[in-house]
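A.B. asks: Before we start, here is the structure in question, set down as structure tokens.
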Amino acid sequence: MELDDLKNAWQTLDRRLEKQNSLQLQIYRDGKLDTMRRSLRPLRWGQALQMILGAGIVILSAAFWNRYSYDSAMLIVGIVMHVYGIACIIAGGIVQGGISEIDHSAPVLTIQKQLATVRRRYVLSGMIVGLPWWFLWVLILVMLVKAGTGLNLFVQAPYLAWGGIAGGIAGLLATWWFHRWSRDPARPKLAKFMDDSVTGSSLRKAQSLIDEIAAFEHD
């Protein structure tokens, strides 16, 4: 076999190997991305449920403050709950939008950035929906008592109502302090645990899958 024939044979073999490797990479990537899509479904369902609950809160709180609009305290309570319900809907929609914006045909680095955006939105959504419950349980109790008995807890049981709000302030401050304390560089394992806990299993699994694709491509 002449040198040119041998060289052409090697080039043909290289092209075939390159095509085979590209095909294997595409098959691997498609499989992982399909799994990633499925892993994000619980997150979608959770945000949809949050939006439905938010809509229910909006409807009930609107009926409440309309009914007791003559009572300024009850009016404020109802409006606050109304705003909270709207916030739940908006926060859920923002996360849903971030998931829908993920381009599964994009380069891995782009998908990683899009997942990071979803994570930031999810954490922010969790703060908007979760932290107010330090106070909201008091407002819900006030609404239930008012609707059921006609009593105003701010008047009939001020220690319970205002004590609950004071406890909520203390709880928020404690949460803020613990968040800062857990982020101390001297406690990296705790910081990672806190990050994982606020991220959620769906996003952690999706991030792990896209990282596996990146490692496979790099190899």
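Convention: chains lettered A, B, ... in structure tokens order; per-chain residue numbering from 1; ligands numbered from 1 as shown.
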Find the residues around range 39-48 of chain A up to 7 Å (only C-alpha atoms counted), leave out those fewer than 4 positions away in its own chain, and share them as a PDB file with C-alpha atoms, in the first residue's frame.
C.D. replies:
```
ATOM      1  CA  THR A  35     -34.192  12.903  32.252  1.00  0.00           C
ATOM      2  CA  ILE A  52     -53.711  27.903  42.449  1.00  0.00           C
ATOM      3  CA  GLY A  92     -44.910  30.884  40.781  1.00  0.00           C
ATOM      4  CA  GLN A  96     -42.532  28.583  35.573  1.00  0.00           C
ATOM      5  CA  SER A 202     -35.714  18.839  41.317  1.00  0.00           C
ATOM      6  CA  LEU A 203     -33.208  21.587  40.594  1.00  0.00           C
ATOM      7  CA  LYS A 205     -31.016  16.669  40.115  1.00  0.00           C
ATOM      8  CA  ALA A 206     -31.269  18.795  36.961  1.00  0.00           C
TER       9      ALA A 206
END
```
A.B. asks: Which polymer residues have any atom within 8 Å of an atom of Leu124 in chain A, counting only C-alpha atoms, with same-chain residues fewer than 4 positions away left out, as number ranges by chain?
C.D. replies: A: 91, 120, 128
A.B. asks: Rounded to one decimal place, report the CA of Ile99 in chain A-CA of Gln50 in chain A distance in Å.
C.D. replies: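 Rounded to one decimal, the two atoms are 15.4 Å apart.
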A.B. asks: Applying 7 Å and only C-alpha atoms, which residues near Trp65 in chain A remain after dropping the ones on its own chain fewer than 4 positions away? List them as a short mmCIF file (atom, residue, chain, number, x, y, z; two decimals) with N, CA and C atoms, in the first residue's frame.
C.D. replies:
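Output saved as out.cif:
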```cif
data_model
loop_
_atom_site.label_atom_id
_atom_site.label_comp_id
_atom_site.auth_asym_id
_atom_site.auth_seq_id
_atom_site.Cartn_x
_atom_site.Cartn_y
_atom_site.Cartn_z
N SER A 61 -59.71 36.43 50.40
CA SER A 61 -59.34 37.66 51.10
C SER A 61 -60.09 38.86 50.52
N SER A 69 -65.20 46.03 55.18
CA SER A 69 -64.51 47.26 54.78
C SER A 69 -64.76 48.41 55.76
N MET A 74 -59.70 45.09 59.97
CA MET A 74 -60.03 43.95 59.13
C MET A 74 -59.77 44.26 57.65
N LEU A 75 -59.99 45.50 57.27
CA LEU A 75 -59.71 45.90 55.89
C LEU A 75 -58.23 45.72 55.58
N GLY A 78 -57.33 41.95 55.40
CA GLY A 78 -57.78 41.36 54.15
C GLY A 78 -56.94 41.79 52.96
N ILE A 79 -56.57 43.06 52.92
CA ILE A 79 -55.77 43.56 51.80
C ILE A 79 -54.37 42.95 51.82
#
```
A.B. asks: Check the smallest atom-to-atom distance from each of A:Leu33, A:Cys88, A:Leu160, A:Ile27 to Leu49 in chain A using only C-alpha atoms, then report the winner.
C.D. replies: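 Selected residue with least distance to Leu49 in chain A: A:Cys88.
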A.B. asks: Neighbouring residues of Ser208 in chain A were defined as those with any atom within 10 Å, considering only C-alpha atoms; residues of the same chain fewer than 6 positions away were excluded. Please report them as JSON, numbers by chain.
C.D. replies: {"A": [32, 36, 202, 214]}
A.B. asks: Using only C-alpha atoms, find each residue of range 75-140 of chain A with at least one atom at most 10 Å away from an atom of range 162-172 of chain A; report its shortest atom-to-atom pair and that distance in Å (one decimal), sort the rows by chain and rising residue number, and return the result as a tab-separated table.
C.D. replies:
```
residue	atom	partner	partner_atom	distance
A:Leu131	CA	A:Leu172	CA	7.3
A:Pro132	CA	A:Gly168	CA	8.5
A:Trp133	CA	A:Gly168	CA	8.1
A:Trp134	CA	A:Gly168	CA	4.4
A:Phe135	CA	A:Gly168	CA	5.2
A:Leu136	CA	A:Ile165	CA	8.8
A:Trp137	CA	A:Gly164	CA	8.4
A:Val138	CA	A:Gly164	CA	6.1
A:Leu139	CA	A:Ile165	CA	9.1
```
A.B. asks: With N, CA, C and O atoms kept, could you save the residues just selected as a tab-separated table (two decimals), in the first residue's frame?
C.D. replies:
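Final file, again20.tsv:
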```
chain	number	residue	atom	x	y	z
A	131	LEU	N	-41.29	33.31	53.97
A	131	LEU	CA	-40.97	34.16	55.12
A	131	LEU	C	-42.17	34.90	55.71
A	131	LEU	O	-42.25	35.05	56.94
A	132	PRO	N	-43.12	35.37	54.91
A	132	PRO	CA	-44.27	36.07	55.49
A	132	PRO	C	-45.10	35.24	56.45
A	132	PRO	O	-45.88	35.80	57.23
A	133	TRP	N	-44.94	33.90	56.43
A	133	TRP	CA	-45.74	33.08	57.33
A	133	TRP	C	-45.39	33.27	58.80
A	133	TRP	O	-46.14	32.83	59.68
A	134	TRP	N	-44.27	33.92	59.07
A	134	TRP	CA	-44.01	34.32	60.45
A	134	TRP	C	-45.12	35.22	60.97
A	134	TRP	O	-45.39	35.26	62.17
A	135	PHE	N	-45.80	35.96	60.05
A	135	PHE	CA	-46.89	36.86	60.43
A	135	PHE	C	-48.25	36.38	59.96
A	135	PHE	O	-49.26	36.61	60.63
A	136	LEU	N	-48.28	35.73	58.81
A	136	LEU	CA	-49.55	35.43	58.17
A	136	LEU	C	-50.45	34.52	59.00
A	136	LEU	O	-51.68	34.62	58.90
A	137	TRP	N	-49.86	33.65	59.81
A	137	TRP	CA	-50.72	32.77	60.62
A	137	TRP	C	-51.59	33.59	61.56
A	137	TRP	O	-52.73	33.23	61.85
A	138	VAL	N	-51.05	34.75	62.02
A	138	VAL	CA	-51.84	35.63	62.88
A	138	VAL	C	-53.00	36.23	62.09
A	138	VAL	O	-54.15	36.26	62.57
A	139	LEU	N	-52.72	36.68	60.88
A	139	LEU	CA	-53.77	37.31	60.06
A	139	LEU	C	-54.85	36.30	59.69
A	139	LEU	O	-56.04	36.63	59.69
```
A.B. asks: Can you work out the spacing between CA of Leu151 in chain A and CA of Ala63 in chain A in Å, to one decimal?
C.D. replies: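 Computing the Euclidean distance for CA of Leu151 in chain A and CA of Ala63 in chain A yields 17.3 Å.
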A.B. asks: Write out as a PyMOL selection string each polymer residue whose atoms come within 9 Å of Val58 in chain A, counting only C-alpha atoms; drop sequence neighbours fewer than 2 positions from it.
C.D. replies: chain A and resi 53-56+60-63+81-86
A.B. asks: Could the residues in this selection be saved with C-alpha atoms as a CSV table (one decimal), in the first residue's frame?
C.D. replies:
```
chain,number,residue,atom,x,y,z
A,53,LEU,CA,-53.5,28.4,46.2
A,54,GLY,CA,-52.6,32.0,45.6
A,55,ALA,CA,-55.7,32.5,43.5
A,56,GLY,CA,-57.8,31.0,46.3
A,60,LEU,CA,-61.2,34.6,49.8
A,61,SER,CA,-59.3,37.7,51.1
A,62,ALA,CA,-61.1,39.9,48.6
A,63,ALA,CA,-64.5,38.7,49.9
A,81,MET,CA,-53.6,38.6,52.5
A,82,HIS,CA,-54.9,39.7,49.1
A,83,VAL,CA,-51.5,41.1,48.2
A,84,TYR,CA,-49.8,37.9,49.5
A,85,GLY,CA,-52.1,35.8,47.2
A,86,ILE,CA,-51.1,37.9,44.2
```
